[in-house]
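Q: Sharing model-v3.csv here; it has CSV, C-alpha atoms and all ligand atoms.
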```csv
chain,number,residue,atom,x,y,z
A,1,MET,CA,61.5,-134.7,123.2
A,2,THR,CA,58.5,-132.4,123.7
A,3,LEU,CA,56.9,-131.8,127.1
A,4,TYR,CA,53.2,-131.3,127.5
A,5,ILE,CA,50.9,-130.6,130.4
A,6,LEU,CA,47.7,-132.6,131.2
A,7,PRO,CA,45.7,-131.3,134.1
A,8,LYS,CA,44.9,-134.2,136.5
A,9,GLU,CA,41.1,-133.7,136.1
A,10,GLN,CA,41.6,-134.4,132.4
A,11,LEU,CA,43.1,-137.8,132.9
A,12,PRO,CA,39.7,-139.7,132.9
A,13,VAL,CA,38.7,-137.9,129.7
A,14,PHE,CA,42.0,-138.9,128.1
A,15,VAL,CA,41.5,-142.5,129.1
A,16,ASP,CA,37.9,-142.7,127.9
A,17,LYS,CA,38.8,-141.3,124.5
A,18,LEU,CA,41.7,-143.8,124.2
A,19,LYS,CA,39.3,-146.6,125.0
A,20,ALA,CA,37.2,-145.8,122.0
A,21,ASP,CA,40.1,-147.0,119.7
A,22,PHE,CA,42.3,-149.2,121.9
A,23,ARG,CA,42.3,-151.9,124.5
A,24,VAL,CA,43.5,-149.9,127.5
A,25,VAL,CA,45.2,-151.9,130.4
A,26,GLY,CA,46.8,-150.5,133.5
A,27,PRO,CA,47.1,-151.0,137.3
A,28,VAL,CA,43.8,-151.5,139.1
A,29,LYS,CA,43.1,-152.4,142.7
A,30,THR,CA,42.2,-156.0,143.5
A,31,GLU,CA,41.4,-157.9,146.7
A,32,THR,CA,45.0,-159.1,146.9
A,33,GLY,CA,46.9,-156.0,145.8
A,34,PHE,CA,47.3,-154.2,142.4
A,35,ALA,CA,47.3,-155.9,139.1
A,36,PHE,CA,47.5,-154.9,135.4
A,37,ASP,CA,44.0,-155.4,134.0
A,38,ASP,CA,41.6,-154.1,131.4
A,39,ILE,CA,40.4,-150.6,132.3
A,40,LYS,CA,36.6,-150.7,131.9
A,41,GLN,CA,36.0,-147.3,133.5
A,42,ALA,CA,38.7,-144.6,133.7
A,43,GLU,CA,38.3,-144.3,137.5
A,44,GLN,CA,39.7,-147.9,137.8
A,45,LEU,CA,43.1,-146.7,136.7
A,46,LYS,CA,45.4,-146.2,139.8
A,47,LEU,CA,48.5,-144.4,138.7
A,48,ASP,CA,49.7,-144.0,142.4
A,49,TYR,CA,49.9,-147.8,142.8
A,50,PRO,CA,53.0,-149.2,144.7
A,51,THR,CA,53.6,-152.2,142.5
A,52,THR,CA,51.7,-155.1,140.9
A,53,ILE,CA,51.9,-158.8,141.7
A,54,LEU,CA,52.7,-159.6,138.0
A,55,PRO,CA,54.6,-157.2,135.7
A,56,PRO,CA,53.0,-156.3,132.4
A,57,LYS,CA,55.0,-159.0,130.7
A,58,LYS,CA,51.8,-161.0,130.3
A,59,TYR,CA,50.8,-158.7,127.4
A,60,PHE,CA,54.0,-159.3,125.6
A,61,LEU,CA,54.4,-163.0,126.4
A,62,PRO,CA,51.1,-164.6,127.5
A,63,GLN,CA,51.3,-167.4,130.1
A,64,ARG,CA,49.9,-169.8,127.5
A,65,GLU,CA,49.6,-169.1,123.8
A,66,VAL,CA,49.0,-171.3,120.7
A,67,LEU,CA,51.8,-170.8,118.2
A,68,PHE,CA,50.2,-172.8,115.4
A,69,ASN,CA,47.6,-175.5,114.6
A,70,TYR,CA,48.6,-178.6,112.7
A,71,HIS,CA,47.0,-181.3,110.8
A,72,THR,CA,48.6,-184.6,109.9
A,73,SER,CA,47.7,-186.8,107.0
A,74,ILE,CA,49.1,-189.4,104.6
A,75,ASN,CA,49.7,-188.0,101.2
A,76,GLU,CA,49.3,-189.8,97.8
A,77,LYS,CA,52.9,-191.1,98.1
A,78,GLY,CA,52.1,-192.8,101.4
A,79,ALA,CA,54.2,-190.4,103.4
A,80,ARG,CA,53.1,-188.6,106.5
A,81,GLN,CA,52.4,-184.9,105.8
A,82,ILE,CA,52.0,-182.2,108.4
A,83,ASP,CA,50.2,-178.9,107.5
A,84,THR,CA,50.6,-176.0,109.8
A,85,GLU,CA,48.6,-172.8,110.3
A,86,PRO,CA,50.1,-170.0,112.4
A,87,VAL,CA,48.0,-168.6,115.2
A,88,PHE,CA,48.5,-165.1,116.6
A,89,GLN,CA,46.6,-164.6,119.8
A,90,ASP,CA,45.9,-161.3,121.7
A,91,VAL,CA,47.0,-159.1,118.8
A,92,GLN,CA,45.1,-155.9,119.0
A,93,PRO,CA,45.9,-152.2,119.4
A,94,THR,CA,46.7,-152.0,123.1
A,95,ILE,CA,47.8,-149.2,125.4
A,96,ILE,CA,49.6,-150.2,128.6
A,97,PHE,CA,49.1,-147.3,131.0
A,98,GLY,CA,51.1,-146.5,134.1
A,99,VAL,CA,54.2,-148.7,133.6
A,100,HIS,CA,56.9,-148.0,136.2
A,101,THR,CA,60.5,-147.4,135.0
A,102,CYS,CA,61.7,-150.7,136.3
A,103,ASP,CA,59.1,-152.6,134.3
A,104,MET,CA,60.0,-150.5,131.2
A,105,THR,CA,63.5,-151.8,131.7
A,106,GLY,CA,62.1,-155.4,131.7
A,107,ILE,CA,60.3,-154.6,128.4
A,108,SER,CA,63.5,-153.2,126.9
A,109,LEU,CA,65.2,-156.5,127.7
A,110,TYR,CA,62.3,-158.5,126.1
A,111,ASP,CA,62.7,-156.4,123.0
A,112,LYS,CA,66.3,-157.4,122.8
A,113,VAL,CA,65.7,-161.0,123.5
A,114,PHE,CA,62.8,-161.5,121.1
A,115,LEU,CA,63.6,-159.0,118.4
A,116,GLU,CA,67.4,-158.8,118.0
A,117,GLY,CA,68.9,-161.4,115.7
A,118,PHE,CA,66.2,-164.1,115.4
A,119,LYS,CA,62.8,-162.3,115.5
A,120,ASP,CA,60.1,-164.1,117.3
A,121,GLU,CA,57.1,-163.4,115.0
A,122,HIS,CA,54.5,-163.9,117.8
A,123,TYR,CA,56.2,-161.4,120.1
A,124,LEU,CA,56.7,-159.0,117.2
A,125,ALA,CA,53.0,-159.2,116.1
A,126,ARG,CA,51.9,-158.2,119.6
A,127,ARG,CA,54.7,-155.7,120.2
A,128,GLU,CA,53.8,-153.7,117.1
A,129,GLN,CA,50.3,-153.2,118.4
A,130,ILE,CA,51.4,-152.1,121.9
A,131,LEU,CA,51.9,-148.5,123.1
A,132,ILE,CA,53.5,-147.8,126.4
A,133,ILE,CA,52.5,-144.9,128.7
A,134,GLY,CA,55.0,-144.8,131.6
A,135,ILE,CA,54.7,-143.1,135.0
A,136,GLU,CA,57.7,-141.7,136.8
A,137,CYS,CA,58.2,-143.3,140.2
A,138,LEU,CA,58.6,-140.6,142.9
A,139,LYS,CA,58.9,-142.9,145.8
A,140,PRO,CA,59.9,-146.6,146.3
A,141,CYS,CA,57.2,-149.2,146.0
A,142,ASP,CA,58.1,-150.7,149.4
A,143,ASP,CA,61.1,-152.1,151.4
A,144,ALA,CA,61.7,-154.9,148.8
A,145,SER,CA,62.6,-152.3,146.0
A,146,PHE,CA,66.2,-151.9,145.1
A,147,CYS,CA,65.7,-150.1,141.7
A,148,LYS,CA,68.3,-147.5,142.7
A,149,ASP,CA,71.0,-150.1,143.0
A,150,MET,CA,70.0,-151.5,139.6
A,151,GLY,CA,69.9,-148.2,137.8
A,152,THR,CA,66.2,-148.4,136.8
A,153,LEU,CA,64.9,-145.3,138.4
A,154,THR,CA,64.8,-143.5,135.1
A,155,ALA,CA,62.8,-144.5,132.1
A,156,PRO,CA,64.6,-146.4,129.3
A,157,PRO,CA,63.6,-145.3,125.7
A,158,VAL,CA,60.8,-147.8,125.2
A,159,TYR,CA,57.9,-145.5,126.1
A,160,ASP,CA,55.6,-143.7,123.7
A,161,LEU,CA,54.5,-141.3,126.5
A,162,HIS,CA,56.0,-140.8,129.9
A,163,MET,CA,54.1,-139.0,132.7
A,164,THR,CA,55.4,-137.3,135.8
A,165,GLU,CA,52.9,-136.2,138.5
A,166,VAL,CA,53.8,-132.6,139.4
A,167,GLU,CA,51.3,-131.1,141.8
A,168,SER,CA,47.9,-130.7,140.0
A,169,ARG,CA,49.1,-131.8,136.6
A,170,TYR,CA,51.0,-134.4,134.7
A,171,LEU,CA,54.0,-133.4,132.7
A,172,ILE,CA,54.1,-135.7,129.7
A,173,ASP,CA,57.2,-136.5,127.6
A,174,THR,CA,56.7,-137.9,124.1
A,175,GLY,CA,59.0,-140.8,123.3
A,176,SER,CA,57.7,-141.6,119.8
A,177,GLU,CA,55.7,-140.3,116.9
A,178,LYS,CA,52.9,-142.6,117.9
A,179,GLY,CA,52.9,-141.1,121.3
A,180,GLU,CA,52.8,-137.6,119.9
A,181,GLU,CA,49.8,-138.6,117.8
A,182,LEU,CA,48.0,-140.0,120.8
A,183,LEU,CA,48.3,-136.7,122.6
A,184,GLN,CA,47.3,-134.6,119.6
A,185,LYS,CA,44.3,-136.8,118.9
A,186,TYR,CA,43.0,-137.8,122.3
A,187,GLY,CA,44.5,-135.5,124.9
A,188,GLU,CA,43.5,-132.0,126.0
A,189,VAL,CA,47.2,-130.9,126.5
A,190,LYS,CA,49.2,-127.7,126.3
A,191,LEU,CA,52.9,-127.3,125.7
A,192,ALA,CA,54.9,-127.0,129.0
A,193,THR,CA,56.1,-123.5,130.0
A,194,THR,CA,59.4,-122.6,131.5
A,195,ASP,CA,57.7,-122.6,135.0
A,196,ASP,CA,56.3,-126.1,134.4
A,197,ILE,CA,59.8,-127.4,133.4
A,198,ARG,CA,61.3,-125.8,136.5
A,199,ASP,CA,58.7,-127.5,138.7
A,200,LEU,CA,59.4,-130.9,136.9
A,201,SER,CA,63.1,-130.5,137.6
A,202,ARG,CA,62.5,-129.8,141.3
A,203,THR,CA,60.2,-132.9,141.5
A,204,LEU,CA,62.7,-135.1,139.9
A,205,SER,CA,65.6,-133.9,142.1
A,206,ALA,CA,63.5,-134.4,145.2
A,207,LYS,CA,62.8,-138.0,144.5
A,208,TRP,CA,66.3,-139.5,144.6
A,209,PRO,CA,66.9,-139.2,148.4
A,210,ARG,CA,63.7,-141.2,149.0
A,211,PHE,CA,65.2,-144.3,147.5
A,212,ARG,CA,67.8,-146.3,149.4
A,213,HIS,CA,70.7,-148.6,148.3
A,214,ARG,CA,70.5,-152.2,149.5
A,215,LEU,CA,73.5,-153.7,147.7
A,216,LYS,CA,76.9,-153.7,149.2
A,217,MET,CA,78.5,-153.5,145.8
A,218,SER,CA,77.8,-151.6,142.6
A,219,ARG,CA,75.8,-153.2,139.8
A,220,ASP,CA,78.8,-153.0,137.5
A,221,GLN,CA,80.5,-155.5,139.8
A,222,LEU,CA,77.8,-158.2,139.6
A,223,PRO,CA,79.2,-160.2,136.7
A,224,SER,CA,82.6,-160.5,138.4
A,225,LEU,CA,81.0,-161.1,141.8
A,226,LEU,CA,79.1,-164.1,140.4
A,227,THR,CA,82.0,-165.4,138.4
A,228,ILE,CA,84.3,-165.4,141.4
A,229,ASN,CA,81.6,-167.0,143.7
A,230,TYR,CA,80.5,-169.8,141.4
A,231,GLY,CA,81.6,-172.3,144.0
A,232,ALA,CA,80.4,-170.3,147.0
A,233,ILE,CA,78.9,-172.2,150.0
A,234,THR,CA,76.0,-169.6,149.9
A,235,TRP,CA,74.4,-171.6,147.1
A,236,ASP,CA,74.2,-174.7,149.2
A,237,HIS,CA,72.6,-172.7,152.1
A,238,LEU,CA,70.0,-171.3,149.7
A,239,GLY,CA,69.4,-174.8,148.1
A,240,GLU,CA,68.5,-176.1,151.6
A,241,ARG,CA,65.9,-173.4,152.1
A,242,CYS,CA,64.4,-173.1,148.6
A,243,LEU,CA,61.0,-174.8,148.0
A,244,ALA,CA,61.6,-175.0,144.2
A,245,CYS,CA,58.1,-173.5,143.7
A,246,GLY,CA,59.0,-171.2,140.8
A,247,SER,CA,57.1,-168.2,142.2
A,248,CYS,CA,60.2,-166.0,141.9
A,249,THR,CA,60.5,-166.5,138.2
A,250,ASN,CA,56.7,-166.3,137.5
A,251,VAL,CA,56.5,-162.8,138.9
A,252,CYS,CA,59.8,-161.6,137.4
A,253,PRO,CA,59.7,-158.9,134.6
A,254,THR,CA,62.9,-160.2,133.1
A,255,CYS,CA,62.3,-164.0,133.2
A,256,PHE,CA,61.2,-165.3,129.8
A,257,CYS,CA,62.0,-169.0,129.7
A,258,PHE,CA,59.2,-171.0,128.2
A,259,ASP,CA,58.2,-174.6,127.4
A,260,VAL,CA,56.7,-175.7,124.1
A,261,GLN,CA,54.2,-178.5,124.0
A,262,ASP,CA,52.3,-180.3,121.3
A,263,GLU,CA,48.7,-181.2,122.1
A,264,LEU,CA,47.3,-183.8,119.8
A,265,ASP,CA,43.5,-184.0,119.6
A,266,ILE,CA,41.7,-187.3,120.2
A,267,ASN,CA,41.3,-187.8,116.4
A,268,MET,CA,45.2,-188.2,116.3
A,269,GLN,CA,45.3,-185.9,113.3
A,270,ASP,CA,44.8,-182.4,114.5
A,271,GLY,CA,46.6,-180.6,117.2
A,272,GLN,CA,48.2,-177.4,118.4
A,273,ARG,CA,51.7,-176.3,119.5
A,274,THR,CA,51.6,-174.1,122.6
A,275,ARG,CA,54.1,-172.0,124.4
A,276,LEU,CA,53.9,-171.7,128.2
A,277,TRP,CA,55.9,-169.9,130.9
A,278,ASP,CA,58.4,-172.2,132.5
A,279,SER,CA,60.7,-171.8,135.5
A,280,CYS,CA,64.4,-172.8,135.8
A,281,GLN,CA,63.6,-173.3,139.5
A,282,LEU,CA,61.4,-176.4,138.8
A,283,HIS,CA,63.0,-179.8,139.0
A,284,GLU,CA,61.8,-180.9,135.5
A,285,PHE,CA,63.2,-177.8,133.8
A,286,ALA,CA,66.6,-179.4,133.2
A,287,LEU,CA,65.3,-183.0,132.8
A,288,VAL,CA,66.4,-184.4,129.4
A,289,ALA,CA,66.1,-187.6,127.5
A,290,GLY,CA,67.3,-190.7,129.4
A,291,GLY,CA,66.2,-189.2,132.7
A,292,HIS,CA,69.3,-187.1,133.1
A,293,ASN,CA,68.9,-183.8,135.0
A,294,PHE,CA,71.7,-181.4,134.4
A,295,ARG,CA,70.6,-179.2,137.3
A,296,GLU,CA,69.4,-181.8,139.7
A,297,SER,CA,70.0,-179.9,143.0
A,298,LYS,CA,68.1,-176.9,144.1
A,299,ALA,CA,71.4,-175.2,144.9
A,300,SER,CA,72.5,-175.5,141.3
A,301,ARG,CA,69.1,-174.1,140.0
A,302,ILE,CA,69.2,-171.1,142.4
A,303,ARG,CA,72.8,-170.4,141.3
A,304,HIS,CA,71.7,-170.6,137.7
A,305,ARG,CA,69.0,-168.1,138.2
A,306,PHE,CA,71.4,-165.6,139.8
A,307,MET,CA,74.0,-166.2,137.1
A,308,ARG,CA,71.4,-165.3,134.5
A,309,LYS,CA,70.3,-162.2,136.3
A,310,GLY,CA,73.8,-160.8,137.0
A,311,LYS,CA,76.0,-162.3,134.4
A,312,TYR,CA,74.7,-164.4,131.5
A,313,ILE,CA,72.0,-162.0,130.2
A,314,HIS,CA,74.4,-159.1,130.6
A,315,GLN,CA,77.0,-161.0,128.5
A,316,VAL,CA,74.5,-161.6,125.6
A,317,HIS,CA,72.3,-158.5,125.7
A,318,ASP,CA,74.5,-155.9,127.5
A,319,ILE,CA,71.8,-155.3,130.1
A,320,LEU,CA,71.4,-156.8,133.6
A,321,GLY,CA,68.7,-159.4,134.0
A,322,CYS,CA,67.3,-157.8,137.2
A,323,THR,CA,65.4,-154.5,137.5
A,324,GLY,CA,65.4,-154.3,141.3
A,325,CYS,CA,61.5,-154.5,141.3
A,326,GLY,CA,61.5,-156.7,144.4
A,327,ARG,CA,58.7,-158.9,143.2
A,328,CYS,CA,60.6,-162.1,143.8
A,329,GLU,CA,61.3,-161.1,147.3
A,330,ARG,CA,57.6,-160.4,148.0
A,331,ALA,CA,56.7,-163.8,146.4
A,332,CYS,CA,59.2,-166.0,148.1
A,333,LEU,CA,57.8,-167.9,151.1
A,334,VAL,CA,61.3,-168.6,152.5
A,335,ASN,CA,62.7,-165.0,152.1
A,336,ILE,CA,65.3,-165.7,149.5
A,337,THR,CA,66.1,-162.3,148.1
A,338,ILE,CA,68.3,-160.8,145.4
A,339,PRO,CA,70.0,-158.2,147.7
A,340,GLY,CA,70.4,-160.7,150.6
A,341,THR,CA,72.0,-163.3,148.3
A,342,LEU,CA,74.3,-160.9,146.5
A,343,ASN,CA,75.4,-159.4,149.8
A,344,ALA,CA,76.0,-162.9,151.3
A,345,LEU,CA,78.2,-163.7,148.3
A,346,HIS,CA,80.0,-160.4,148.8
A,347,ASP,CA,80.6,-161.2,152.5
A,348,GLU,CA,81.7,-164.7,151.8
A,349,MET,CA,84.2,-163.3,149.3
A,350,GLN,CA,85.5,-160.9,151.9
A,351,LEU,CA,85.8,-163.7,154.4
A,352,ASP,CA,87.8,-165.9,152.0
A,353,ALA,CA,90.1,-163.0,151.3
A,354,ASN,CA,90.6,-162.3,155.0
A,355,PRO,CA,89.8,-165.4,157.1
A,356,ALA,CA,90.8,-163.5,160.3
A,357,ALA,CA,87.8,-161.2,159.8
A,358,GLY,CA,85.4,-164.1,160.6
B,401,LIG,S1,65.0,-161.0,139.9
B,401,LIG,FE1,63.4,-160.3,141.4
B,401,LIG,S2,63.9,-158.1,141.8
B,401,LIG,FE2,65.0,-158.7,139.9
B,401,LIG,S3,63.6,-158.2,138.2
B,401,LIG,FE3,63.2,-160.3,138.7
B,401,LIG,S4,61.5,-160.2,140.3
B,401,LIG,FE4,62.4,-158.1,140.1
B,402,LIG,S1,60.2,-168.3,145.3
B,402,LIG,FE1,61.7,-168.7,146.8
B,402,LIG,S2,61.3,-170.9,147.4
B,402,LIG,FE2,60.2,-170.5,145.4
B,402,LIG,S3,61.7,-171.2,143.9
B,402,LIG,FE3,62.0,-169.0,144.2
B,402,LIG,S4,63.7,-168.9,145.7
B,402,LIG,FE4,62.9,-171.0,145.8
```
Show me this structure written as structure tokens.

A:
Amino acid sequence: MTLYILPKEQLPVFVDKLKADFRVVGPVKTETGFAFDDIKQAEQLKLDYPTTILPPKKYFLPQREVLFNYHTSINEKGARQIDTEPVFQDVQPTIIFGVHTCDMTGISLYDKVFLEGFKDEHYLARREQILIIGIECLKPCDDASFCKDMGTLTAPPVYDLHMTEVESRYLIDTGSEKGEELLQKYGEVKLATTDDIRDLSRTLSAKWPRFRHRLKMSRDQLPSLLTINYGAITWDHLGERCLACGSCTNVCPTCFCFDVQDELDINMQDGQRTRLWDSCQLHEFALVAGGHNFRESKASRIRHRFMRKGKYIHQVHDILGCTGCGRCERACLVNITIPGTLNALHDEMQLDANPAAG
């Protein structure tokens, strides 16, 4: 780890230099809030943004992507033959600027899901071209955040550079050789002095009291809390309220379920296979051949979502499936929230253990 200093007034120069060789995306202000988008002018980049509607997952897993084109024909033996040609969309040198620590945690989960064991070639092709420049969160995004509960207030080691605003400068930590090269080639930086490091330490210490806890239990207890409460009445209550709209999963930095569809051209010979975001909260998600739906009720679908966030993903990838970003809470029209639900399960469990308390 090497720490550098970039004076704030040098940031636009740094961004403009990067733009000469990279697609640079980052948080920009829109009419409805903040969103990750292409930075056309350095001034558009807003590093002091609270949060974005969608996380940067769209650059790793696009909402819709063609996986391959295919052509069907009858060969000389009279058998049907299918020729395929892989397609790799949106693969270009890209810098994602200003990623919060919670969203970096989401990216680290994606890296495990798509690159450990079976490697997803489409994900890998994009991932190899993406550099991440993080920004340290010095205050919560808003009341929906519970990153402190989920342990995502510090950056996981997926960044190439990580910036912390300290008074009139950014202190920049290098997380990879590529990050170091970026600074050397494009940044007007100096090595941090002892005084700079002392100021950084003060800034980081001062941030923690600004974040509050919202969960009544520790995150380590989530897998057992969900296991014990598989049959809880809370799921039925949530199922009565849920609209099954799928907004919560669409905005989530850790949701990655997708649908795969074949689209055959009108000539009945050429077509393409596409991958699209899907949502376990939609009725059709668990609909299988014969019309059977193995998660017919909304209650069972909501429970499944929570089991994945707090238990199943952890079992497979050793990381919880929720970063505490609060996006699902902001998106849900009926105010179904992660902290509210987990606390309700906790209370229901206490009530079961001690009925007199009710
Ligand atoms: S479940 Fe909600 S709070 Fe957790 S990571 Fe997804 S959107 Fe953020
Ligand atoms: S956003 Fe709310 S209403 Fe829509 S599916 Fe998710 S929990 Fe249900």

Q: So which residues are near ligand LIG 402 (chain B), meaning at most 12 Å away with all atoms listed in the file counted, given back as an NGL selection string?

A: :A and (235 or 237-252 or 278-283 or 297-306 or 326-338 or 340-341)

Q: Would you mind exporting C-alpha atoms of the selected residues as an mmCIF file, in the coordinates of the input?

A:
```
data_model
loop_
_atom_site.group_PDB
_atom_site.id
_atom_site.type_symbol
_atom_site.label_atom_id
_atom_site.label_comp_id
_atom_site.auth_asym_id
_atom_site.auth_seq_id
_atom_site.Cartn_x
_atom_site.Cartn_y
_atom_site.Cartn_z
ATOM 1 C CA TRP A 235 74.400 -171.600 147.100
ATOM 2 C CA HIS A 237 72.600 -172.700 152.100
ATOM 3 C CA LEU A 238 70.000 -171.300 149.700
ATOM 4 C CA GLY A 239 69.400 -174.800 148.100
ATOM 5 C CA GLU A 240 68.500 -176.100 151.600
ATOM 6 C CA ARG A 241 65.900 -173.400 152.100
ATOM 7 C CA CYS A 242 64.400 -173.100 148.600
ATOM 8 C CA LEU A 243 61.000 -174.800 148.000
ATOM 9 C CA ALA A 244 61.600 -175.000 144.200
ATOM 10 C CA CYS A 245 58.100 -173.500 143.700
ATOM 11 C CA GLY A 246 59.000 -171.200 140.800
ATOM 12 C CA SER A 247 57.100 -168.200 142.200
ATOM 13 C CA CYS A 248 60.200 -166.000 141.900
ATOM 14 C CA THR A 249 60.500 -166.500 138.200
ATOM 15 C CA ASN A 250 56.700 -166.300 137.500
ATOM 16 C CA VAL A 251 56.500 -162.800 138.900
ATOM 17 C CA CYS A 252 59.800 -161.600 137.400
ATOM 18 C CA ASP A 278 58.400 -172.200 132.500
ATOM 19 C CA SER A 279 60.700 -171.800 135.500
ATOM 20 C CA CYS A 280 64.400 -172.800 135.800
ATOM 21 C CA GLN A 281 63.600 -173.300 139.500
ATOM 22 C CA LEU A 282 61.400 -176.400 138.800
ATOM 23 C CA HIS A 283 63.000 -179.800 139.000
ATOM 24 C CA SER A 297 70.000 -179.900 143.000
ATOM 25 C CA LYS A 298 68.100 -176.900 144.100
ATOM 26 C CA ALA A 299 71.400 -175.200 144.900
ATOM 27 C CA SER A 300 72.500 -175.500 141.300
ATOM 28 C CA ARG A 301 69.100 -174.100 140.000
ATOM 29 C CA ILE A 302 69.200 -171.100 142.400
ATOM 30 C CA ARG A 303 72.800 -170.400 141.300
ATOM 31 C CA HIS A 304 71.700 -170.600 137.700
ATOM 32 C CA ARG A 305 69.000 -168.100 138.200
ATOM 33 C CA PHE A 306 71.400 -165.600 139.800
ATOM 34 C CA GLY A 326 61.500 -156.700 144.400
ATOM 35 C CA ARG A 327 58.700 -158.900 143.200
ATOM 36 C CA CYS A 328 60.600 -162.100 143.800
ATOM 37 C CA GLU A 329 61.300 -161.100 147.300
ATOM 38 C CA ARG A 330 57.600 -160.400 148.000
ATOM 39 C CA ALA A 331 56.700 -163.800 146.400
ATOM 40 C CA CYS A 332 59.200 -166.000 148.100
ATOM 41 C CA LEU A 333 57.800 -167.900 151.100
ATOM 42 C CA VAL A 334 61.300 -168.600 152.500
ATOM 43 C CA ASN A 335 62.700 -165.000 152.100
ATOM 44 C CA ILE A 336 65.300 -165.700 149.500
ATOM 45 C CA THR A 337 66.100 -162.300 148.100
ATOM 46 C CA ILE A 338 68.300 -160.800 145.400
ATOM 47 C CA GLY A 340 70.400 -160.700 150.600
ATOM 48 C CA THR A 341 72.000 -163.300 148.300
#
```

Q: I need the residue nearest Lys17 in chain A from this list: A:Leu215, A:Ala125, A:Val99, A:Leu183. Use only C-alpha atoms for the distance.

A: A:Leu183

Q: Hey, which bits of range 317-338 of chain A sit within 6 Å of range 144-161 of chain A, and for each residue what's the closest pair of atoms and how far apart in Å (one decimal), counting only C-alpha atoms, rows by chain and increasing number, as a Markdown table?

A:
```
| residue | atom | partner | partner_atom | distance |
| --- | --- | --- | --- | --- |
| A:Thr323 | CA | A:Met150 | CA | 5.9 |
| A:Gly324 | CA | A:Cys147 | CA | 4.2 |
| A:Cys325 | CA | A:Ser145 | CA | 5.3 |
| A:Gly326 | CA | A:Ala144 | CA | 4.8 |
```

Q: Using all atoms listed in the file for the distances, tell me which of A:Thr2, A:Gln221, A:Thr32, A:Gln184 is nearest to Leu171 in chain A.

A: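 The closest residue to Leu171 in chain A is A:Thr2.
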
Q: Would you mind reading off the distance between CA of Leu131 in chain A and CA of Phe256 in chain A, one decimal, in Å?

A: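 It comes out at 20.3 Å.
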
Q: Up to 6 Å from (45.9, -148.1, 141.5) in the file's coordinates: name the residues, counting all atoms listed in the file, as a list in words.

A: Pro27, Val28, Lys29, Leu45, Lys46, Leu47, Asp48 and Tyr49 of chain A

Q: Residues within 8 Å of Met163 in chain A, please, as a ChimeraX atom specification. Count all atoms listed in the file; anything in the same chain fewer than 4 positions from it doesn't count.

A: /A:133-136,170-173

Q: What is the distance between CA of Ala232 in chain A and CA of Leu345 in chain A, in Å to one decimal?

A: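 Computing it gives 7.1 Å between the two atoms.
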
Q: A:Leu320, A:Ala353, A:Met268, A:Leu226: which is nearest ligand LIG 401 (chain B), counting only C-alpha atoms and all ligand atoms?

A: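 Nearest to ligand LIG 401 (chain B): A:Leu320.
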
Q: Would you please work out which residue, of A:Leu342, A:Leu54, A:Ile132, A:Met104, is nearest to Ser218 in chain A when using all atoms listed in the file?

A: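 Closest residue, counting all atoms listed in the file: A:Leu342.
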
Q: What does the structure give for the distance between CA of Arg295 in chain A and CA of His122 in chain A, in Å to one decimal?

A: 29.6 Å

Q: Asp83 in chain A: which residues within 7 Å, counting all atoms listed in the file, same-chain residues fewer than 3 positions away excluded, as a JSON list (two decimals) with C-alpha atoms, in the frame of the given file?

A:
```json
[["chain", "number", "residue", "atom", "x", "y", "z"],
["A", 70, "TYR", "CA", 48.60, -178.60, 112.70],
["A", 71, "HIS", "CA", 47.00, -181.30, 110.80],
["A", 72, "THR", "CA", 48.60, -184.60, 109.90]]
```

Q: Of the residues A:Phe22, A:Glu181, A:Val113, A:Gln41, which is the one nearest to Gln129 in chain A, using only C-alpha atoms?

A: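 Among the listed residues, A:Phe22 lies closest to Gln129 in chain A.
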
Q: Which one is closest to ligand LIG 401 (chain B): A:Lys311, A:Pro339, A:Glu167, A:Glu121? Count only C-alpha atoms and all ligand atoms.

A: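 Between A:Lys311, A:Pro339, A:Glu167, A:Glu121, the residue approaching ligand LIG 401 (chain B) most closely is A:Pro339.
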
Q: With all atoms listed in the file as the counted atoms, please give the residues lying no more than 9 Å from Ile39 in chain A, apart from itself and same-chain residues fewer than 3 positions off, as a PyMOL selection string.

A: chain A and resi 15+19+23-28+36+42-45
